[in-house]
Amino acid sequence: MLTGELPEFLPPTLNRAGFWNNLLTGQIPSSYVNHSSLEHLILGGNQLTGELPVGISTMNLVWLDVSLNSLGGQLPRDWSTIPSMDILRVNNNMFTGELPEFLPSTLTDANLSDNLLTGEIPSSYVTLSSLDRLLISGNNITGTVSTGMCELGLSIFEVDCSIVECSCCNCTRRLLEARTINRPTSVGKLRRMGAQMPSHPLRGGLRGPKDVAQEHDTVTKWTEAKAEQ
């Protein structure tokens with residue numbers, strides 16, 4: 001496993017940067033936002049802190065994964081300028097504020113679960129015709145899911161049904177102790193805790209090491225398949 005901090009600078013022509021499941025600490029370098037060729041930035045399963053770099057929502061990313069860290073602050077409000085983003089995974093951190101107001105129109109998988117987000121689901125989400133999976137459970141998202149959201153026909157639409165009214169969602173119950181007490185900040189901590197929770201291969205929430213490994217294999221195969229298209 002890698003330790004220390006992320007490299008301050010990446011090769012200018014780098015297309016994919018993967019640091020999944022290590023023991024890296026510190027913040028995400030602000031220099032990363034200047035890499036116009038970078039499409040896959042996979043930083044999940046580490047011990048990263050701080051906030052997302054300013055400008056990260058304007059990069060040409062296809063896949064951004066910063067899940068299972070200790071990142072905080074507010075998420076950018078507008079991600080719609082990213083031209084070809086497929087996957088956005090910011091789950092299992094400590095982000096505050098509201099859900100992003102606008103997401104990329106090409107997005108297929110958005111996992112924002114298990115943070116400290118508040119408010120309601122933005123009305124703009126009903127226009128995300130490419131979206132297949134939306135996970136926002138484990139936050140403090142409230143309100144009523146609109147008919148338009150249900151008509152998107154998402155294969156996974158996960159909310160906390162104890163505080164969200166939804167006729168078409170995959171319901172979960174809030175696990176406050178998992179979100180605010182002894183919150184795992186890395187895959188290593190999950191292993192030591194022996195945390196188990198049923199999960200879809202591409203969903204968030206606490207899970208054991210086998211689930212994490214299977215998820216990594218799944219998303220790796222998905223990336224390779226997309227690259228061959």
# chains A, B, ... in the order shown; residues from 1 in each chain; ligands from 1

call {"tool": "closest_atom_pairs", "arguments": {"of": "region 1-114 of chain A", "to": "region 120-137 of chain A", "cutoff": "12 Å", "atoms": "only C-alpha atoms", "output": "JSON lines"}}
result
{"residue": "A:Arg77", "atom": "CA", "partner": "A:Pro122", "partner_atom": "CA", "distance": 10.7}
{"residue": "A:Asp78", "atom": "CA", "partner": "A:Ser124", "partner_atom": "CA", "distance": 11.0}
{"residue": "A:Trp79", "atom": "CA", "partner": "A:Ser124", "partner_atom": "CA", "distance": 11.9}
{"residue": "A:Ser80", "atom": "CA", "partner": "A:Leu128", "partner_atom": "CA", "distance": 10.5}
{"residue": "A:Ser84", "atom": "CA", "partner": "A:Ser130", "partner_atom": "CA", "distance": 11.1}
{"residue": "A:Met85", "atom": "CA", "partner": "A:Ser130", "partner_atom": "CA", "distance": 10.6}
{"residue": "A:Asp86", "atom": "CA", "partner": "A:Leu131", "partner_atom": "CA", "distance": 8.8}
{"residue": "A:Ile87", "atom": "CA", "partner": "A:Arg133", "partner_atom": "CA", "distance": 9.6}
{"residue": "A:Leu88", "atom": "CA", "partner": "A:Leu134", "partner_atom": "CA", "distance": 9.9}
{"residue": "A:Arg89", "atom": "CA", "partner": "A:Leu135", "partner_atom": "CA", "distance": 9.5}
{"residue": "A:Val90", "atom": "CA", "partner": "A:Ile136", "partner_atom": "CA", "distance": 10.3}
{"residue": "A:Asn91", "atom": "CA", "partner": "A:Ile136", "partner_atom": "CA", "distance": 8.5}
{"residue": "A:Asn92", "atom": "CA", "partner": "A:Ser137", "partner_atom": "CA", "distance": 10.5}
{"residue": "A:Gly97", "atom": "CA", "partner": "A:Glu120", "partner_atom": "CA", "distance": 10.8}
{"residue": "A:Glu98", "atom": "CA", "partner": "A:Glu120", "partner_atom": "CA", "distance": 7.6}
{"residue": "A:Leu99", "atom": "CA", "partner": "A:Ile121", "partner_atom": "CA", "distance": 6.9}
{"residue": "A:Pro100", "atom": "CA", "partner": "A:Pro122", "partner_atom": "CA", "distance": 7.7}
{"residue": "A:Glu101", "atom": "CA", "partner": "A:Pro122", "partner_atom": "CA", "distance": 5.8}
{"residue": "A:Phe102", "atom": "CA", "partner": "A:Ser124", "partner_atom": "CA", "distance": 6.4}
{"residue": "A:Leu103", "atom": "CA", "partner": "A:Tyr125", "partner_atom": "CA", "distance": 7.4}
{"residue": "A:Pro104", "atom": "CA", "partner": "A:Leu128", "partner_atom": "CA", "distance": 7.8}
{"residue": "A:Ser105", "atom": "CA", "partner": "A:Leu128", "partner_atom": "CA", "distance": 5.4}
{"residue": "A:Thr106", "atom": "CA", "partner": "A:Ser130", "partner_atom": "CA", "distance": 5.7}
{"residue": "A:Leu107", "atom": "CA", "partner": "A:Leu131", "partner_atom": "CA", "distance": 5.5}
{"residue": "A:Thr108", "atom": "CA", "partner": "A:Leu131", "partner_atom": "CA", "distance": 4.0}
{"residue": "A:Asp109", "atom": "CA", "partner": "A:Arg133", "partner_atom": "CA", "distance": 4.8}
{"residue": "A:Ala110", "atom": "CA", "partner": "A:Leu134", "partner_atom": "CA", "distance": 5.0}
{"residue": "A:Asn111", "atom": "CA", "partner": "A:Leu135", "partner_atom": "CA", "distance": 4.7}
{"residue": "A:Leu112", "atom": "CA", "partner": "A:Ile136", "partner_atom": "CA", "distance": 5.1}
{"residue": "A:Ser113", "atom": "CA", "partner": "A:Ile136", "partner_atom": "CA", "distance": 4.3}
{"residue": "A:Asp114", "atom": "CA", "partner": "A:Ser137", "partner_atom": "CA", "distance": 6.3}

call {"tool": "write_last_selection", "arguments": {"atoms": "N, CA and C atoms", "output": "PDB file, in the first residue's frame"}}
result
ATOM      1  N   ARG A  77     -21.539  23.500  -6.887  1.00  0.00           N
ATOM      2  CA  ARG A  77     -22.959  23.563  -7.201  1.00  0.00           C
ATOM      3  C   ARG A  77     -23.255  23.143  -8.635  1.00  0.00           C
ATOM      4  N   ASP A  78     -22.313  23.404  -9.551  1.00  0.00           N
ATOM      5  CA  ASP A  78     -22.587  23.178 -10.968  1.00  0.00           C
ATOM      6  C   ASP A  78     -21.514  22.287 -11.577  1.00  0.00           C
ATOM      7  N   TRP A  79     -21.912  21.064 -11.998  1.00  0.00           N
ATOM      8  CA  TRP A  79     -21.022  20.127 -12.678  1.00  0.00           C
ATOM      9  C   TRP A  79     -21.410  19.987 -14.145  1.00  0.00           C
ATOM     10  N   SER A  80     -22.341  20.769 -14.613  1.00  0.00           N
ATOM     11  CA  SER A  80     -22.933  20.547 -15.926  1.00  0.00           C
ATOM     12  C   SER A  80     -21.987  20.845 -17.080  1.00  0.00           C
ATOM     13  N   SER A  84     -18.391  14.877 -20.674  1.00  0.00           N
ATOM     14  CA  SER A  84     -18.586  13.437 -20.900  1.00  0.00           C
ATOM     15  C   SER A  84     -18.511  12.616 -19.619  1.00  0.00           C
ATOM     16  N   MET A  85     -18.876  13.165 -18.491  1.00  0.00           N
ATOM     17  CA  MET A  85     -18.749  12.423 -17.239  1.00  0.00           C
ATOM     18  C   MET A  85     -19.758  11.284 -17.162  1.00  0.00           C
ATOM     19  N   ASP A  86     -19.279  10.093 -16.827  1.00  0.00           N
ATOM     20  CA  ASP A  86     -20.123   8.917 -16.649  1.00  0.00           C
ATOM     21  C   ASP A  86     -20.388   8.634 -15.169  1.00  0.00           C
ATOM     22  N   ILE A  87     -19.345   8.724 -14.341  1.00  0.00           N
ATOM     23  CA  ILE A  87     -19.460   8.292 -12.949  1.00  0.00           C
ATOM     24  C   ILE A  87     -18.935   9.374 -12.008  1.00  0.00           C
ATOM     25  N   LEU A  88     -19.722   9.679 -11.002  1.00  0.00           N
ATOM     26  CA  LEU A  88     -19.342  10.602  -9.941  1.00  0.00           C
ATOM     27  C   LEU A  88     -19.571   9.911  -8.611  1.00  0.00           C
ATOM     28  N   ARG A  89     -18.475   9.663  -7.879  1.00  0.00           N
ATOM     29  CA  ARG A  89     -18.578   8.948  -6.610  1.00  0.00           C
ATOM     30  C   ARG A  89     -17.885   9.759  -5.515  1.00  0.00           C
ATOM     31  N   VAL A  90     -18.690  10.353  -4.653  1.00  0.00           N
ATOM     32  CA  VAL A  90     -18.166  11.148  -3.542  1.00  0.00           C
ATOM     33  C   VAL A  90     -18.684  10.610  -2.208  1.00  0.00           C
ATOM     34  N   ASN A  91     -19.195   9.391  -2.219  1.00  0.00           N
ATOM     35  CA  ASN A  91     -19.830   8.819  -1.036  1.00  0.00           C
ATOM     36  C   ASN A  91     -18.831   8.547   0.089  1.00  0.00           C
ATOM     37  N   ASN A  92     -19.375   8.412   1.292  1.00  0.00           N
ATOM     38  CA  ASN A  92     -18.597   8.080   2.487  1.00  0.00           C
ATOM     39  C   ASN A  92     -17.491   9.090   2.758  1.00  0.00           C
ATOM     40  N   GLY A  97     -23.554  20.969   3.225  1.00  0.00           N
ATOM     41  CA  GLY A  97     -24.292  21.777   2.264  1.00  0.00           C
ATOM     42  C   GLY A  97     -25.336  20.957   1.529  1.00  0.00           C
ATOM     43  N   GLU A  98     -25.735  21.424   0.375  1.00  0.00           N
ATOM     44  CA  GLU A  98     -26.791  20.773  -0.391  1.00  0.00           C
ATOM     45  C   GLU A  98     -26.230  19.963  -1.541  1.00  0.00           C
ATOM     46  N   LEU A  99     -27.089  19.131  -2.135  1.00  0.00           N
ATOM     47  CA  LEU A  99     -26.707  18.400  -3.337  1.00  0.00           C
ATOM     48  C   LEU A  99     -26.356  19.386  -4.447  1.00  0.00           C
ATOM     49  N   PRO A 100     -25.440  19.007  -5.349  1.00  0.00           N
ATOM     50  CA  PRO A 100     -25.155  19.891  -6.485  1.00  0.00           C
ATOM     51  C   PRO A 100     -26.436  20.256  -7.218  1.00  0.00           C
ATOM     52  N   GLU A 101     -26.555  21.510  -7.615  1.00  0.00           N
ATOM     53  CA  GLU A 101     -27.753  21.962  -8.308  1.00  0.00           C
ATOM     54  C   GLU A 101     -27.839  21.385  -9.716  1.00  0.00           C
ATOM     55  N   PHE A 102     -26.684  21.259 -10.360  1.00  0.00           N
ATOM     56  CA  PHE A 102     -26.656  20.750 -11.727  1.00  0.00           C
ATOM     57  C   PHE A 102     -25.582  19.681 -11.864  1.00  0.00           C
ATOM     58  N   LEU A 103     -25.944  18.565 -12.494  1.00  0.00           N
ATOM     59  CA  LEU A 103     -25.018  17.473 -12.763  1.00  0.00           C
ATOM     60  C   LEU A 103     -24.832  17.323 -14.271  1.00  0.00           C
ATOM     61  N   PRO A 104     -23.745  16.666 -14.698  1.00  0.00           N
ATOM     62  CA  PRO A 104     -23.520  16.491 -16.139  1.00  0.00           C
ATOM     63  C   PRO A 104     -24.658  15.720 -16.802  1.00  0.00           C
ATOM     64  N   SER A 105     -25.045  16.146 -17.987  1.00  0.00           N
ATOM     65  CA  SER A 105     -26.158  15.497 -18.690  1.00  0.00           C
ATOM     66  C   SER A 105     -25.808  14.079 -19.118  1.00  0.00           C
ATOM     67  N   THR A 106     -24.510  13.751 -19.190  1.00  0.00           N
ATOM     68  CA  THR A 106     -24.069  12.415 -19.608  1.00  0.00           C
ATOM     69  C   THR A 106     -23.933  11.445 -18.442  1.00  0.00           C
ATOM     70  N   LEU A 107     -24.162  11.901 -17.224  1.00  0.00           N
ATOM     71  CA  LEU A 107     -23.908  11.083 -16.029  1.00  0.00           C
ATOM     72  C   LEU A 107     -24.813   9.857 -16.001  1.00  0.00           C
ATOM     73  N   THR A 108     -24.216   8.699 -15.722  1.00  0.00           N
ATOM     74  CA  THR A 108     -24.993   7.466 -15.581  1.00  0.00           C
ATOM     75  C   THR A 108     -25.037   6.983 -14.136  1.00  0.00           C
ATOM     76  N   ASP A 109     -24.013   7.299 -13.345  1.00  0.00           N
ATOM     77  CA  ASP A 109     -23.916   6.774 -11.980  1.00  0.00           C
ATOM     78  C   ASP A 109     -23.471   7.896 -11.056  1.00  0.00           C
ATOM     79  N   ALA A 110     -24.320   8.272 -10.108  1.00  0.00           N
ATOM     80  CA  ALA A 110     -23.994   9.313  -9.131  1.00  0.00           C
ATOM     81  C   ALA A 110     -24.195   8.770  -7.729  1.00  0.00           C
ATOM     82  N   ASN A 111     -23.109   8.675  -6.985  1.00  0.00           N
ATOM     83  CA  ASN A 111     -23.177   8.182  -5.613  1.00  0.00           C
ATOM     84  C   ASN A 111     -22.721   9.289  -4.674  1.00  0.00           C
ATOM     85  N   LEU A 112     -23.673   9.872  -3.970  1.00  0.00           N
ATOM     86  CA  LEU A 112     -23.395  10.935  -3.006  1.00  0.00           C
ATOM     87  C   LEU A 112     -23.813  10.515  -1.605  1.00  0.00           C
ATOM     88  N   SER A 113     -23.952   9.217  -1.392  1.00  0.00           N
ATOM     89  CA  SER A 113     -24.468   8.702  -0.131  1.00  0.00           C
ATOM     90  C   SER A 113     -23.460   8.857   1.014  1.00  0.00           C
ATOM     91  N   ASP A 114     -23.992   8.778   2.226  1.00  0.00           N
ATOM     92  CA  ASP A 114     -23.184   8.757   3.446  1.00  0.00           C
ATOM     93  C   ASP A 114     -22.261   9.954   3.568  1.00  0.00           C
TER      94      ASP A 114
END

call {"tool": "select_by_dssp", "arguments": {"residues": "region 9-200 of chain A", "states": "strand (DSSP E)", "output": "number ranges by chain"}}
result
A: 16-18, 23-25, 40-42, 63-65, 72-74, 87-89, 94-96, 109-111, 118-119, 133-135, 140-141, 143-144, 156-160, 164-165, 170-172

call {"tool": "atom_distance", "arguments": {"atom1": "CA of Glu5 (chain A)", "atom2": "CA of Phe19 (chain A)"}}
result
10.7 Å

call {"tool": "residues_around", "arguments": {"residues": "Ser36 (chain A)", "least_positions_apart": "5", "cutoff": "9 Å", "atoms": "only C-alpha atoms", "output": "PyMOL selection string"}}
result
chain A and resi 12-13+15+59-61

call {"tool": "write_last_selection", "arguments": {"atoms": "all heavy atoms", "output": "mmCIF file, in the first residue's frame"}}
result
data_model
loop_
_atom_site.group_PDB
_atom_site.id
_atom_site.type_symbol
_atom_site.label_atom_id
_atom_site.label_comp_id
_atom_site.auth_asym_id
_atom_site.auth_seq_id
_atom_site.Cartn_x
_atom_site.Cartn_y
_atom_site.Cartn_z
ATOM 1 N N PRO A 12 1.718 15.614 -17.752
ATOM 2 C CA PRO A 12 0.703 16.418 -18.461
ATOM 3 C C PRO A 12 -0.157 15.638 -19.438
ATOM 4 O O PRO A 12 -1.280 16.052 -19.749
ATOM 5 C CB PRO A 12 1.538 17.483 -19.187
ATOM 6 C CG PRO A 12 2.907 16.896 -19.282
ATOM 7 C CD PRO A 12 3.082 16.061 -18.043
ATOM 8 N N THR A 13 0.335 14.501 -19.921
ATOM 9 C CA THR A 13 -0.437 13.712 -20.889
ATOM 10 C C THR A 13 -1.176 12.550 -20.240
ATOM 11 O O THR A 13 -1.796 11.750 -20.941
ATOM 12 C CB THR A 13 0.488 13.167 -21.985
ATOM 13 O OG1 THR A 13 1.510 12.347 -21.378
ATOM 14 C CG2 THR A 13 1.143 14.302 -22.748
ATOM 15 N N ASN A 15 -3.773 10.129 -18.776
ATOM 16 C CA ASN A 15 -5.197 9.974 -19.025
ATOM 17 C C ASN A 15 -5.939 9.418 -17.814
ATOM 18 O O ASN A 15 -7.077 9.791 -17.552
ATOM 19 C CB ASN A 15 -5.412 9.064 -20.239
ATOM 20 C CG ASN A 15 -6.874 8.808 -20.528
ATOM 21 O OD1 ASN A 15 -7.427 7.797 -20.118
ATOM 22 N ND2 ASN A 15 -7.498 9.746 -21.235
ATOM 23 N N MET A 59 -13.286 20.149 -14.976
ATOM 24 C CA MET A 59 -12.332 19.286 -15.661
ATOM 25 C C MET A 59 -13.046 18.417 -16.701
ATOM 26 O O MET A 59 -14.278 18.344 -16.722
ATOM 27 C CB MET A 59 -11.604 18.397 -14.636
ATOM 28 C CG MET A 59 -10.765 19.167 -13.628
ATOM 29 S SD MET A 59 -10.018 18.093 -12.367
ATOM 30 C CE MET A 59 -8.855 17.141 -13.373
ATOM 31 N N ASN A 60 -12.257 17.756 -17.523
ATOM 32 C CA ASN A 60 -12.827 16.882 -18.561
ATOM 33 C C ASN A 60 -12.923 15.438 -18.088
ATOM 34 O O ASN A 60 -12.659 14.507 -18.844
ATOM 35 C CB ASN A 60 -11.966 16.952 -19.827
ATOM 36 C CG ASN A 60 -11.991 18.312 -20.474
ATOM 37 O OD1 ASN A 60 -13.023 18.980 -20.494
ATOM 38 N ND2 ASN A 60 -10.850 18.747 -20.984
ATOM 39 N N LEU A 61 -13.321 15.254 -16.861
ATOM 40 C CA LEU A 61 -13.335 13.927 -16.262
ATOM 41 C C LEU A 61 -14.488 13.084 -16.794
ATOM 42 O O LEU A 61 -15.611 13.560 -16.967
ATOM 43 C CB LEU A 61 -13.440 14.030 -14.742
ATOM 44 C CG LEU A 61 -12.231 14.645 -14.025
ATOM 45 C CD1 LEU A 61 -12.547 14.854 -12.551
ATOM 46 C CD2 LEU A 61 -11.000 13.765 -14.178
#

call {"tool": "residues_around", "arguments": {"residues": "Cys169 (chain A)", "least_positions_apart": "5", "cutoff": "7 Å", "atoms": "only C-alpha atoms", "output": "PyMOL selection string"}}
result
chain A and resi 157-159

call {"tool": "closest_residue", "arguments": {"among": "A:Pro83, A:Gly153, A:Gly72, A:Pro11", "to": "Asn115 (chain A)", "atoms": "only C-alpha atoms"}}
result
A:Gly72

call {"tool": "atom_distance", "arguments": {"atom1": "CA of Leu75 (chain A)", "atom2": "CA of Met94 (chain A)"}}
result
10.4 Å

call {"tool": "select_by_dssp", "arguments": {"residues": "region 36-202 of chain A", "states": "alpha helix (DSSP H)", "output": "MDAnalysis selection string"}}
result
chainID A and resid 147:150 176:180 187:193

call {"tool": "decode", "arguments": {"residues": "region 80-92 of chain A", "atoms": "all heavy atoms", "output": "JSON list (two decimals), in the first residue's frame"}}
result
[["chain", "number", "residue", "atom", "x", "y", "z"],
["A", 80, "SER", "N", -22.34, 20.77, -14.61],
["A", 80, "SER", "CA", -22.93, 20.55, -15.93],
["A", 80, "SER", "C", -21.99, 20.85, -17.08],
["A", 80, "SER", "O", -22.26, 20.44, -18.22],
["A", 80, "SER", "CB", -24.20, 21.39, -16.08],
["A", 80, "SER", "OG", -23.90, 22.78, -16.00],
["A", 81, "THR", "N", -20.89, 21.56, -16.82],
["A", 81, "THR", "CA", -19.97, 21.91, -17.90],
["A", 81, "THR", "C", -19.02, 20.76, -18.26],
["A", 81, "THR", "O", -18.31, 20.85, -19.26],
["A", 81, "THR", "CB", -19.14, 23.14, -17.54],
["A", 81, "THR", "OG1", -18.40, 22.89, -16.33],
["A", 81, "THR", "CG2", -20.04, 24.36, -17.34],
["A", 82, "ILE", "N", -18.99, 19.69, -17.45],
["A", 82, "ILE", "CA", -18.17, 18.54, -17.78],
["A", 82, "ILE", "C", -18.83, 17.81, -18.95],
["A", 82, "ILE", "O", -19.96, 17.35, -18.84],
["A", 82, "ILE", "CB", -18.01, 17.59, -16.58],
["A", 82, "ILE", "CG1", -17.35, 18.33, -15.41],
["A", 82, "ILE", "CG2", -17.19, 16.36, -16.95],
["A", 82, "ILE", "CD1", -17.14, 17.48, -14.18],
["A", 83, "PRO", "N", -18.14, 17.69, -20.08],
["A", 83, "PRO", "CA", -18.82, 17.23, -21.30],
["A", 83, "PRO", "C", -19.17, 15.75, -21.37],
["A", 83, "PRO", "O", -20.13, 15.38, -22.04],
["A", 83, "PRO", "CB", -17.82, 17.59, -22.41],
["A", 83, "PRO", "CG", -16.49, 17.57, -21.73],
["A", 83, "PRO", "CD", -16.75, 18.08, -20.34],
["A", 84, "SER", "N", -18.39, 14.88, -20.67],
["A", 84, "SER", "CA", -18.59, 13.44, -20.90],
["A", 84, "SER", "C", -18.51, 12.62, -19.62],
["A", 84, "SER", "O", -18.12, 11.45, -19.65],
["A", 84, "SER", "CB", -17.53, 12.92, -21.89],
["A", 84, "SER", "OG", -17.59, 13.61, -23.11],
["A", 85, "MET", "N", -18.88, 13.17, -18.49],
["A", 85, "MET", "CA", -18.75, 12.42, -17.24],
["A", 85, "MET", "C", -19.76, 11.28, -17.16],
["A", 85, "MET", "O", -20.96, 11.47, -17.41],
["A", 85, "MET", "CB", -18.91, 13.34, -16.03],
["A", 85, "MET", "CG", -18.88, 12.61, -14.70],
["A", 85, "MET", "SD", -18.80, 13.69, -13.24],
["A", 85, "MET", "CE", -17.02, 13.89, -13.09],
["A", 86, "ASP", "N", -19.28, 10.09, -16.83],
["A", 86, "ASP", "CA", -20.12, 8.92, -16.65],
["A", 86, "ASP", "C", -20.39, 8.63, -15.17],
["A", 86, "ASP", "O", -21.51, 8.28, -14.79],
["A", 86, "ASP", "CB", -19.46, 7.68, -17.26],
["A", 86, "ASP", "CG", -19.69, 7.59, -18.75],
["A", 86, "ASP", "OD1", -20.82, 7.84, -19.20],
["A", 86, "ASP", "OD2", -18.74, 7.28, -19.48],
["A", 87, "ILE", "N", -19.34, 8.72, -14.34],
["A", 87, "ILE", "CA", -19.46, 8.29, -12.95],
["A", 87, "ILE", "C", -18.94, 9.37, -12.01],
["A", 87, "ILE", "O", -17.84, 9.90, -12.20],
["A", 87, "ILE", "CB", -18.69, 6.98, -12.72],
["A", 87, "ILE", "CG1", -19.34, 5.84, -13.49],
["A", 87, "ILE", "CG2", -18.64, 6.62, -11.23],
["A", 87, "ILE", "CD1", -18.65, 4.50, -13.32],
["A", 88, "LEU", "N", -19.72, 9.68, -11.00],
["A", 88, "LEU", "CA", -19.34, 10.60, -9.94],
["A", 88, "LEU", "C", -19.57, 9.91, -8.61],
["A", 88, "LEU", "O", -20.70, 9.60, -8.25],
["A", 88, "LEU", "CB", -20.17, 11.89, -10.01],
["A", 88, "LEU", "CG", -19.96, 12.89, -8.87],
["A", 88, "LEU", "CD1", -18.53, 13.41, -8.87],
["A", 88, "LEU", "CD2", -20.96, 14.04, -8.98],
["A", 89, "ARG", "N", -18.48, 9.66, -7.88],
["A", 89, "ARG", "CA", -18.58, 8.95, -6.61],
["A", 89, "ARG", "C", -17.88, 9.76, -5.51],
["A", 89, "ARG", "O", -16.65, 9.84, -5.47],
["A", 89, "ARG", "CB", -17.94, 7.56, -6.74],
["A", 89, "ARG", "CG", -18.59, 6.70, -7.81],
["A", 89, "ARG", "CD", -17.93, 5.34, -7.97],
["A", 89, "ARG", "NE", -17.97, 4.57, -6.74],
["A", 89, "ARG", "CZ", -19.05, 3.94, -6.27],
["A", 89, "ARG", "NH1", -20.19, 4.01, -6.94],
["A", 89, "ARG", "NH2", -19.01, 3.26, -5.16],
["A", 90, "VAL", "N", -18.69, 10.35, -4.65],
["A", 90, "VAL", "CA", -18.17, 11.15, -3.54],
["A", 90, "VAL", "C", -18.68, 10.61, -2.21],
["A", 90, "VAL", "O", -18.63, 11.30, -1.19],
["A", 90, "VAL", "CB", -18.54, 12.64, -3.71],
["A", 90, "VAL", "CG1", -17.94, 13.20, -4.98],
["A", 90, "VAL", "CG2", -20.06, 12.83, -3.71],
["A", 91, "ASN", "N", -19.20, 9.39, -2.22],
["A", 91, "ASN", "CA", -19.83, 8.82, -1.04],
["A", 91, "ASN", "C", -18.83, 8.55, 0.09],
["A", 91, "ASN", "O", -17.62, 8.46, -0.11],
["A", 91, "ASN", "CB", -20.55, 7.52, -1.40],
["A", 91, "ASN", "CG", -19.65, 6.53, -2.12],
["A", 91, "ASN", "OD1", -19.31, 6.73, -3.29],
["A", 91, "ASN", "ND2", -19.25, 5.45, -1.43],
["A", 92, "ASN", "N", -19.38, 8.41, 1.29],
["A", 92, "ASN", "CA", -18.60, 8.08, 2.49],
["A", 92, "ASN", "C", -17.49, 9.09, 2.76],
["A", 92, "ASN", "O", -16.32, 8.76, 2.88],
["A", 92, "ASN", "CB", -18.01, 6.66, 2.38],
["A", 92, "ASN", "CG", -19.07, 5.59, 2.43],
["A", 92, "ASN", "OD1", -19.59, 5.21, 1.38],
["A", 92, "ASN", "ND2", -19.40, 5.11, 3.61]]
